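Peer 1: Here it is, the structure, as structure tokens.
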Amino acid sequence: MNKLIMTTALVAAGAAPAFAQVSDDVVKIGILNDQSGVYADFGGLSSYEAALMAVEDFGGTVLDMPVEVITADHQNKADIASNIARQWYDTEQVDSIMELTTSSVALAVQALSNEAGKVTITTGAATTELTGAQCAPNSFHWAYDTHALAVGTGGALVEQGGDSWFFLTADYAFGYSLEEQTSAFVTSQGGTVAGSVRHPLTNPDFSSFLLQAQASGAKVIGLANAGLDTQNAIKQAAEFGITQGGQQLAALLFTLSEVHGLGLEAAQGLSLTESFYWNRDEASAEFGNRFFERTGVMPNMVHAGTYSAVLSYLKAIEAAGTDEASAVSAKLKELPVDDVFAQGGTVGANGRLIKDVYLMQVKAPGESDIAWDYYNVLQTIPGAEAYLDPAESGCPLVQG
Amino acid sequence: MTTIFGYPLVVWMGQLLLGLINGSFYAMLSLGLAVIFGLLRVINFAHGAMYMLGAFVALLMATYLGLNYWVALFVAPLVVALGGAIVERTMLSRLYKLDHLYGLLFTFGLALLIEGTFRYLFGASGQPYPVPAALSGGVNLGFMFLPIYRGWVIIASLIACLAVWLLIEKTKLGSYLRASTENPVLVQSFGVNVPLLLTLTYALGAGLAGLAGVLAAPIYQVSPLMGTNIIIIVFAVVVVGGMGSILGAIITGYMLGIAEGLTKVIYPEASNIVIFVIMAIVLILRPAGLFGKDA
């Protein structure tokens, strides 16, 4: 009998090393995002590079086990993303999926991952639902969300006297949520909403909608859309003399990548909110230049956010002494986030990273002396103002 | 103020004009598709990619060679037409004897290849192309602010469509083209070089798409995805107009542009499907299309 117990103990010890509790002897992170569609520059393969950089900066191993990063294109389709996520969990020993551009995809993969007992950290998607009604114990939202964008860009413009708004809204969940939260914030600050018009996703011609916005007489035209749609709307607004006519454009989700695509000539003067700017301080510039050498582009908040997400995940595994999802999640919520992306960041019980966001204004072509130097940082918005208080986020984990 | 359906007349007039501008692009693109289908019986899925190529050639000419818009307006369509001719001669011509489906699959694959390559090289966000200085600014028409460049697009596309129509309907070359559609063997027996005619036709369609691309460059973001976004609508235009009907493609292009513009006032959410609704109705009532000959 004693012999049997001894053997069992030996077998058990052999199967799982006593210290490093890492499943399958590898920590595997999957970067799942749009790599060929409208958001391919917004996140894309550059996010994968950011993840690789984080692994290298961490030292390549955690708890003496190698860290691997794999990536795939979800084509902005929730069903494709879910299939890849299942395959990654079932056959590729992936421990965590990150990035997840596009809200519909992020919500689907987040739900699936929690059933599978895996960690997700979303950096590319915007909806506050991820840490609101649909929050999950092992899921995190890292780079930004619609609330921060509404408070940042909406709040700043109302303060500057832009108290009447007209929205051009992308006709899907993300557009509605961005319009709704910005409207709510504008109204709470004493502003008014003159109207809105909903346009189909990837709509090349905005002239009709812009004329309606022009006719509304609103001081600010809020663009509650993303990617190419926002670029086309801004370009065509200049053509129709909208900015010259005294109306101001507010691109509610616009990052460095899109500013680069549009060019300073068309983008100058635009107000926007991002949670990262490479040329903000020395550390961010150093990171930006390293990133540029690898990808040929400067990082936006999604890229820097992905870097931070991977780094924080590895730190949490190290602190927890295991890659088991709930132990890692507990550490992620406990440890402060201090890296090039977030300084003094904290993670709420709903999984939301709370850190400062920045209100930027796009420079005029003459003001920009070095390549990719596109922003003036107008204002730093403290994390507590930018993000919903976890207790008010509607997340059942917090209220319980 | 006069109102129609509760909207002021000025709003309608503005949207009519905008519809006409979008219709200009539809007309030029569907004209090329109709010409190619009419003569080659090929459903050219690469048409959107050619439109995108036209815009990119203009952009690259400006960036690397410093050549301005006016040069691009002539050179870019020629470049795209030449590319089209090469594709037709070396690859597409081998498929004529097979089912139409092969031509469709080939051009679809070609479009994916071209777009994928450009996405790899230039990213999905694309690049801006400036409005030429001579056509920048706008005029206030009283009911709307019309950017001069958009006015120019209407004029340029009308000229291009008219020229192609005259070429096909009123010239000797055009009569050869039309004859070879009816009976290529007979035309060839009269000593006309039919394969060359087919190559020229495909090049003409490609060139028209390229021209539309150059015209579109200052308005839209020049992006690898720009062709994909417009090609499906253009197919609907060709179907509504009647496959292979040249005049039908032109008129339907403008008409559907206007229909889409007006929908954007009444019910914007439906603006991207209104063309397909019209297509469905036309197919039910007149399967050969508005201007098509009943088979």
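Naming works like this for the structure tokens: A, B, ... for the chains as they're shown, residue 1 at the start of each chain, ligands 1 onward in shown order.
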Using only C-alpha atoms, determine which residues lie at most 7 Å from Leu228 of chain A, disregarding the query and same-chain residues fewer than 6 positions distant; provide the list as an NGL selection string.
Peer 2: (:A and (38 or 202)) or (:B and (125))
Peer 1: Please produce a file of those selected residues containing C-alpha atoms, as an mmCIF file, in the first residue's frame.
Peer 2:
```
data_model
loop_
_atom_site.group_PDB
_atom_site.id
_atom_site.type_symbol
_atom_site.label_atom_id
_atom_site.label_comp_id
_atom_site.auth_asym_id
_atom_site.auth_seq_id
_atom_site.Cartn_x
_atom_site.Cartn_y
_atom_site.Cartn_z
ATOM 1 C CA VAL A 38 -10.565 48.425 -42.692
ATOM 2 C CA THR A 202 -17.772 51.414 -45.355
ATOM 3 C CA SER B 125 -5.828 53.137 -44.615
#
```
Peer 1: Compute the set of chain B residues within 7 Å of chain A, using only C-alpha atoms, and express it as a VMD selection string.
Peer 2: chain B and resid 15 18 123 to 128 145 to 147 219 to 221 261 264 268 to 269 272
Peer 1: Pick from B:Thr199, B:Thr228, B:Gln188, B:Asn183: nearest to Ile114 of chain B, with only C-alpha atoms counted?
Peer 2: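 Of all the options, B:Thr228 lies closest to Ile114 of chain B.
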Peer 1: If you run DSSP on this backbone, which residues of segment 1-235 of chain B come out as strand (DSSP E), and could you give them as a compact mmCIF listing (two decimals) with N, CA, C and O atoms, in the first residue's frame?
Peer 2:
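In the end it all went to part-v1.txt:
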```
# COMPACT_ATOMS: atom_id res chain seq x y z
N THR B 3 -42.10 72.42 -50.11
CA THR B 3 -41.57 71.18 -49.55
C THR B 3 -42.14 69.97 -50.30
O THR B 3 -43.27 70.02 -50.79
N ILE B 4 -41.36 68.93 -50.40
CA ILE B 4 -41.83 67.66 -50.96
C ILE B 4 -41.60 66.59 -49.89
O ILE B 4 -40.47 66.47 -49.40
N TYR B 7 -39.64 67.62 -46.88
CA TYR B 7 -38.27 68.13 -46.97
C TYR B 7 -38.26 69.33 -47.91
O TYR B 7 -38.89 69.30 -48.96
N PRO B 8 -37.55 70.40 -47.56
CA PRO B 8 -37.52 71.58 -48.43
C PRO B 8 -36.96 71.24 -49.81
O PRO B 8 -36.12 70.36 -49.94
N GLY B 138 -15.10 76.07 -54.07
CA GLY B 138 -16.44 75.70 -54.47
C GLY B 138 -17.27 76.92 -54.78
O GLY B 138 -16.84 78.05 -54.59
N VAL B 139 -18.48 76.68 -55.30
CA VAL B 139 -19.39 77.79 -55.55
C VAL B 139 -20.67 77.56 -54.78
O VAL B 139 -21.12 76.42 -54.62
N ASN B 140 -21.24 78.66 -54.31
CA ASN B 140 -22.51 78.53 -53.61
C ASN B 140 -23.64 78.66 -54.62
O ASN B 140 -23.83 79.69 -55.24
N PHE B 145 -23.61 74.08 -51.47
CA PHE B 145 -22.24 74.48 -51.76
C PHE B 145 -21.65 73.39 -52.64
O PHE B 145 -21.52 72.26 -52.22
N LEU B 146 -21.37 73.73 -53.90
CA LEU B 146 -20.86 72.70 -54.81
C LEU B 146 -19.36 72.85 -54.95
O LEU B 146 -18.87 73.85 -55.47
N PRO B 147 -18.60 71.84 -54.48
CA PRO B 147 -17.16 71.89 -54.72
C PRO B 147 -16.92 71.85 -56.22
O PRO B 147 -17.54 71.04 -56.92
```
Peer 1: Atom CA of Phe167 of chain A and atom CA of Ser196 of chain A, how far apart in Å?
Peer 2: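 Atom CA of Phe167 of chain A lies 4.3 Å from atom CA of Ser196 of chain A.
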Peer 1: Near Thr91 of chain A, within 12 Å and counting only C-alpha atoms, which residues show up once chain neighbours fewer than 6 positions away are dropped, as a list of chain:residue names?
Peer 2: A:Asp24, A:Lys28, A:Asn83, A:Ile84, A:Ala85
Peer 1: So that I have them on file, write out the residues from the current selection with all heavy atoms, as an mmCIF file, in the first residue's frame.
Peer 2:
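The result, stored in result_18.cif:
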```
data_model
loop_
_atom_site.group_PDB
_atom_site.id
_atom_site.type_symbol
_atom_site.label_atom_id
_atom_site.label_comp_id
_atom_site.auth_asym_id
_atom_site.auth_seq_id
_atom_site.Cartn_x
_atom_site.Cartn_y
_atom_site.Cartn_z
ATOM 1 N N ASP A 24 1.086 22.804 -20.125
ATOM 2 C CA ASP A 24 1.744 22.391 -21.371
ATOM 3 C C ASP A 24 3.181 22.890 -21.502
ATOM 4 O O ASP A 24 3.728 22.946 -22.607
ATOM 5 C CB ASP A 24 0.947 22.873 -22.603
ATOM 6 C CG ASP A 24 -0.532 22.615 -22.449
ATOM 7 O OD1 ASP A 24 -0.895 21.448 -22.241
ATOM 8 O OD2 ASP A 24 -1.313 23.586 -22.508
ATOM 9 N N LYS A 28 1.350 30.561 -23.957
ATOM 10 C CA LYS A 28 1.084 30.910 -25.343
ATOM 11 C C LYS A 28 0.026 32.007 -25.400
ATOM 12 O O LYS A 28 -1.053 31.874 -24.811
ATOM 13 C CB LYS A 28 0.603 29.668 -26.093
ATOM 14 C CG LYS A 28 1.151 29.578 -27.494
ATOM 15 C CD LYS A 28 0.948 28.163 -28.019
ATOM 16 C CE LYS A 28 1.428 28.032 -29.437
ATOM 17 N NZ LYS A 28 1.211 26.684 -29.953
ATOM 18 N N ASN A 83 -14.260 30.580 -34.159
ATOM 19 C CA ASN A 83 -13.668 29.316 -34.613
ATOM 20 C C ASN A 83 -12.172 29.268 -34.332
ATOM 21 O O ASN A 83 -11.656 28.251 -33.860
ATOM 22 C CB ASN A 83 -13.896 29.118 -36.116
ATOM 23 C CG ASN A 83 -15.293 28.625 -36.399
ATOM 24 O OD1 ASN A 83 -15.958 28.084 -35.506
ATOM 25 N ND2 ASN A 83 -15.758 28.826 -37.614
ATOM 26 N N ILE A 84 -11.492 30.381 -34.642
ATOM 27 C CA ILE A 84 -10.045 30.419 -34.404
ATOM 28 C C ILE A 84 -9.770 30.271 -32.904
ATOM 29 O O ILE A 84 -8.897 29.504 -32.496
ATOM 30 C CB ILE A 84 -9.438 31.739 -34.935
ATOM 31 C CG1 ILE A 84 -9.594 31.812 -36.451
ATOM 32 C CG2 ILE A 84 -7.951 31.837 -34.556
ATOM 33 C CD1 ILE A 84 -9.209 33.148 -37.047
ATOM 34 N N ALA A 85 -10.553 31.006 -32.098
ATOM 35 C CA ALA A 85 -10.330 30.966 -30.647
ATOM 36 C C ALA A 85 -10.508 29.542 -30.127
ATOM 37 O O ALA A 85 -9.683 29.029 -29.360
ATOM 38 C CB ALA A 85 -11.301 31.910 -29.951
#
```
Peer 1: Quick one: DSSP helix (DSSP H, G or I) residues in segment 213-289 of chain A, as a PyMOL selection string?
Peer 2: chain A and resi 213-216+227-239+256-262+264-267+282-289
Peer 1: Kindly save the residues from that selection, with C-alpha atoms included, as a PDB file, in the first residue's frame.
Peer 2:
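Listed below is the output, again18.pdb:
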```pdb
ATOM      1  CA  ALA A 213     -24.980  68.161 -40.914  1.00  0.00           C
ATOM      2  CA  GLN A 214     -24.178  71.509 -42.487  1.00  0.00           C
ATOM      3  CA  ALA A 215     -27.867  72.401 -42.720  1.00  0.00           C
ATOM      4  CA  SER A 216     -28.412  71.529 -39.052  1.00  0.00           C
ATOM      5  CA  GLY A 227     -11.253  53.795 -39.948  1.00  0.00           C
ATOM      6  CA  LEU A 228     -11.808  54.567 -43.624  1.00  0.00           C
ATOM      7  CA  ASP A 229     -15.280  55.975 -42.964  1.00  0.00           C
ATOM      8  CA  THR A 230     -13.886  58.675 -40.707  1.00  0.00           C
ATOM      9  CA  GLN A 231     -11.095  59.430 -43.141  1.00  0.00           C
ATOM     10  CA  ASN A 232     -13.492  59.869 -46.045  1.00  0.00           C
ATOM     11  CA  ALA A 233     -15.870  61.986 -43.968  1.00  0.00           C
ATOM     12  CA  ILE A 234     -13.069  64.340 -42.918  1.00  0.00           C
ATOM     13  CA  LYS A 235     -11.633  64.625 -46.397  1.00  0.00           C
ATOM     14  CA  GLN A 236     -15.040  65.402 -47.870  1.00  0.00           C
ATOM     15  CA  ALA A 237     -15.962  67.846 -45.109  1.00  0.00           C
ATOM     16  CA  ALA A 238     -13.006  69.981 -46.196  1.00  0.00           C
ATOM     17  CA  GLU A 239     -14.203  69.744 -49.784  1.00  0.00           C
ATOM     18  CA  LEU A 256      -2.246  58.096 -35.159  1.00  0.00           C
ATOM     19  CA  SER A 257      -2.527  55.441 -37.897  1.00  0.00           C
ATOM     20  CA  GLU A 258      -5.553  57.129 -39.448  1.00  0.00           C
ATOM     21  CA  VAL A 259      -4.034  60.595 -39.116  1.00  0.00           C
ATOM     22  CA  HIS A 260      -1.020  59.263 -41.003  1.00  0.00           C
ATOM     23  CA  GLY A 261      -3.254  57.825 -43.718  1.00  0.00           C
ATOM     24  CA  LEU A 262      -5.238  61.038 -44.075  1.00  0.00           C
ATOM     25  CA  LEU A 264      -1.783  66.491 -41.921  1.00  0.00           C
ATOM     26  CA  GLU A 265      -3.128  68.770 -44.641  1.00  0.00           C
ATOM     27  CA  ALA A 266      -6.622  67.285 -44.301  1.00  0.00           C
ATOM     28  CA  ALA A 267      -6.424  66.291 -40.626  1.00  0.00           C
ATOM     29  CA  GLU A 282      11.206  60.316 -23.413  1.00  0.00           C
ATOM     30  CA  ALA A 283      10.100  56.795 -22.543  1.00  0.00           C
ATOM     31  CA  SER A 284       7.262  56.793 -25.052  1.00  0.00           C
ATOM     32  CA  ALA A 285       9.564  58.170 -27.769  1.00  0.00           C
ATOM     33  CA  GLU A 286      12.121  55.467 -27.056  1.00  0.00           C
ATOM     34  CA  PHE A 287       9.389  52.827 -27.329  1.00  0.00           C
ATOM     35  CA  GLY A 288       8.013  54.489 -30.450  1.00  0.00           C
ATOM     36  CA  ASN A 289      11.352  54.446 -32.209  1.00  0.00           C
TER      37      ASN A 289
END
```
Peer 1: Using only C-alpha atoms, can you tell me which of A:Glu318, A:Asp90, A:Asp34, A:Glu129 comes closest to Leu332 of chain A?
Peer 2: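 Using only C-alpha atoms, the shortest distance to Leu332 of chain A belongs to A:Glu318.
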Peer 1: Provide the atom CA of Leu211 of chain B to atom CA of Val75 of chain B distance in Å, to one decimal place.
Peer 2: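 Taking atom CA of Leu211 of chain B and atom CA of Val75 of chain B, their separation equals 9.2 Å.
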Peer 1: Extract, using only C-alpha atoms, all DNA, RNA and protein residues at most 10 Å from Glu49 of chain A, discarding same-chain residues fewer than 4 positions from it, and format them as a compact mmCIF listing (two decimals) with all heavy atoms, in the first residue's frame.
Peer 2:
```txt
# COMPACT_ATOMS: atom_id res chain seq x y z
N ILE A 31 -2.68 36.66 -30.64
CA ILE A 31 -3.11 38.01 -31.03
C ILE A 31 -4.09 37.84 -32.18
O ILE A 31 -3.72 37.43 -33.29
CB ILE A 31 -1.91 38.88 -31.49
CG1 ILE A 31 -0.88 39.01 -30.37
CG2 ILE A 31 -2.38 40.25 -31.98
CD1 ILE A 31 -1.36 39.76 -29.16
N GLY A 44 -3.91 45.34 -36.55
CA GLY A 44 -3.21 44.55 -37.57
C GLY A 44 -1.96 43.85 -37.07
O GLY A 44 -1.79 43.61 -35.87
N LEU A 45 -1.07 43.55 -38.03
CA LEU A 45 0.14 42.82 -37.69
C LEU A 45 1.08 43.61 -36.79
O LEU A 45 1.92 43.03 -36.10
CB LEU A 45 0.87 42.40 -38.97
CG LEU A 45 0.32 41.12 -39.61
CD1 LEU A 45 0.97 40.87 -40.96
CD2 LEU A 45 0.54 39.91 -38.69
N MET A 53 7.48 42.32 -28.91
CA MET A 53 8.38 43.22 -28.20
C MET A 53 8.23 43.06 -26.69
O MET A 53 9.22 43.06 -25.94
CB MET A 53 8.07 44.68 -28.56
CG MET A 53 8.72 45.14 -29.85
SD MET A 53 8.17 46.81 -30.29
CE MET A 53 9.14 47.79 -29.15
N ALA A 54 6.97 42.94 -26.25
CA ALA A 54 6.72 42.80 -24.82
C ALA A 54 7.36 41.52 -24.28
O ALA A 54 7.97 41.51 -23.21
CB ALA A 54 5.22 42.81 -24.55
N VAL A 55 7.22 40.43 -25.05
CA VAL A 55 7.80 39.16 -24.62
C VAL A 55 9.32 39.28 -24.53
O VAL A 55 9.94 38.85 -23.56
CB VAL A 55 7.39 38.02 -25.58
CG1 VAL A 55 8.13 36.74 -25.26
CG2 VAL A 55 5.89 37.80 -25.51
N VAL A 69 4.10 33.67 -28.99
CA VAL A 69 2.98 34.50 -29.46
C VAL A 69 2.58 34.02 -30.84
O VAL A 69 3.44 33.84 -31.72
CB VAL A 69 3.38 35.99 -29.54
CG1 VAL A 69 2.16 36.83 -29.90
CG2 VAL A 69 3.98 36.46 -28.22
N THR A 71 -0.57 34.47 -34.07
CA THR A 71 -1.52 35.49 -34.51
C THR A 71 -2.39 34.96 -35.65
O THR A 71 -2.02 34.01 -36.34
CB THR A 71 -0.78 36.77 -34.94
OG1 THR A 71 -1.75 37.78 -35.23
CG2 THR A 71 0.09 36.55 -36.17
N PHE A 291 9.67 50.52 -31.91
CA PHE A 291 8.53 49.93 -32.62
C PHE A 291 8.63 50.26 -34.11
O PHE A 291 8.40 49.41 -34.97
CB PHE A 291 7.24 50.51 -32.03
CG PHE A 291 5.98 49.91 -32.56
CD1 PHE A 291 5.49 48.73 -32.03
CD2 PHE A 291 5.26 50.53 -33.56
CE1 PHE A 291 4.31 48.17 -32.50
CE2 PHE A 291 4.08 49.99 -34.04
CZ PHE A 291 3.61 48.80 -33.50
N ARG A 294 10.86 48.14 -36.23
CA ARG A 294 10.38 46.80 -36.55
C ARG A 294 9.23 46.82 -37.55
O ARG A 294 9.07 45.88 -38.32
CB ARG A 294 9.89 46.09 -35.28
CG ARG A 294 10.97 45.97 -34.23
CD ARG A 294 10.38 45.46 -32.95
NE ARG A 294 9.96 44.08 -33.07
CZ ARG A 294 10.40 43.10 -32.30
NH1 ARG A 294 11.28 43.35 -31.36
NH2 ARG A 294 9.96 41.89 -32.43
N THR A 295 8.39 47.86 -37.48
CA THR A 295 7.15 47.83 -38.26
C THR A 295 7.10 48.86 -39.36
O THR A 295 6.27 48.76 -40.26
CB THR A 295 5.94 48.09 -37.35
OG1 THR A 295 6.13 49.40 -36.77
CG2 THR A 295 5.82 47.07 -36.25
N HIS A 303 -1.58 49.61 -30.39
CA HIS A 303 -0.29 48.91 -30.40
C HIS A 303 0.39 49.00 -29.02
O HIS A 303 0.83 47.99 -28.47
CB HIS A 303 0.62 49.49 -31.48
CG HIS A 303 0.00 49.49 -32.85
ND1 HIS A 303 0.02 50.55 -33.70
CD2 HIS A 303 -0.70 48.52 -33.48
CE1 HIS A 303 -0.62 50.24 -34.82
NE2 HIS A 303 -1.07 49.02 -34.71
N THR A 306 -1.44 46.92 -26.53
CA THR A 306 -1.19 45.49 -26.65
C THR A 306 0.15 45.13 -25.99
O THR A 306 0.26 44.11 -25.30
CB THR A 306 -1.19 45.07 -28.13
OG1 THR A 306 -2.44 45.48 -28.70
CG2 THR A 306 -1.02 43.58 -28.29
N TYR A 307 1.14 46.01 -26.20
CA TYR A 307 2.44 45.80 -25.54
C TYR A 307 2.25 45.72 -24.03
O TYR A 307 2.72 44.80 -23.37
CB TYR A 307 3.37 46.97 -25.92
CG TYR A 307 4.69 46.98 -25.19
CD1 TYR A 307 5.78 46.27 -25.67
CD2 TYR A 307 4.84 47.73 -24.02
CE1 TYR A 307 6.99 46.28 -25.00
CE2 TYR A 307 6.05 47.75 -23.34
CZ TYR A 307 7.13 47.03 -23.83
OH TYR A 307 8.32 47.04 -23.16
```
Peer 1: Quick one: residues within 9 Å of Leu256 of chain B, only C-alpha atoms, excluding same-chain residues fewer than 4 positions away - as a PyMOL selection string?
Peer 2: chain B and resi 19-20+22-23+26+237+251-252+260-261+274-275+278
Peer 1: Using only C-alpha atoms, pick whichever of B:Gly253, B:Gly137, B:Gly205, B:Pro218 has the shortest atom-to-atom distance to Gly38 of chain B.
Peer 2: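 Between B:Gly253, B:Gly137, B:Gly205, B:Pro218, the residue approaching Gly38 of chain B most closely is B:Gly205.
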Peer 1: Suppose you want the space between atom CA of Met91 of chain B and atom CA of Leu33 of chain B; what is it in Å?
Peer 2: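 One can read the atom CA of Met91 of chain B to atom CA of Leu33 of chain B distance as 18.1 Å.
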Peer 1: Give me the residues near Tyr387 of chain A as an NGL selection string, where near means some atom within 8 Å (using only C-alpha atoms) and where sequence neighbours in that chain fewer than 3 positions away do not count.
Peer 2: :A and (145 or 147-148 or 354 or 383-384)
Peer 1: List the spatial neighbours of segment 114-124 of chain A as a ChimeraX atom specification - criterion: any atom at most 7 Å away, only C-alpha atoms, same-chain residues fewer than 5 positions off excluded.
Peer 2: /A:43,95-102,106,136,138-143,302,305-306,309,325
Peer 1: I need the chosen residues saved as a compact mmCIF listing (two decimals), in the first residue's frame, with C-alpha atoms.
Peer 2:
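Contents of part-v8.txt, as written:
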```txt
# COMPACT_ATOMS: atom_id res chain seq x y z
CA GLY A 43 -4.25 47.22 -35.07
CA ASP A 95 -3.55 30.46 -22.67
CA SER A 96 -4.77 33.91 -23.49
CA ILE A 97 -6.18 35.84 -26.48
CA MET A 98 -5.52 39.56 -26.82
CA GLU A 99 -6.10 42.60 -29.07
CA LEU A 100 -9.55 41.64 -30.49
CA THR A 101 -10.29 44.66 -32.68
CA THR A 102 -14.01 45.19 -33.43
CA ALA A 106 -14.35 41.01 -28.77
CA ALA A 136 -16.38 38.34 -17.22
CA ASN A 138 -11.03 36.50 -16.58
CA SER A 139 -11.47 39.28 -19.13
CA PHE A 140 -9.85 42.67 -19.31
CA HIS A 141 -10.22 45.83 -21.38
CA TRP A 142 -6.95 47.65 -21.74
CA ALA A 143 -6.38 50.47 -24.25
CA VAL A 302 -3.88 49.94 -29.69
CA GLY A 305 -1.88 48.98 -25.29
CA THR A 306 -1.19 45.49 -26.65
CA ALA A 309 -1.34 44.00 -21.96
CA ALA A 325 -6.65 31.81 -15.51
```
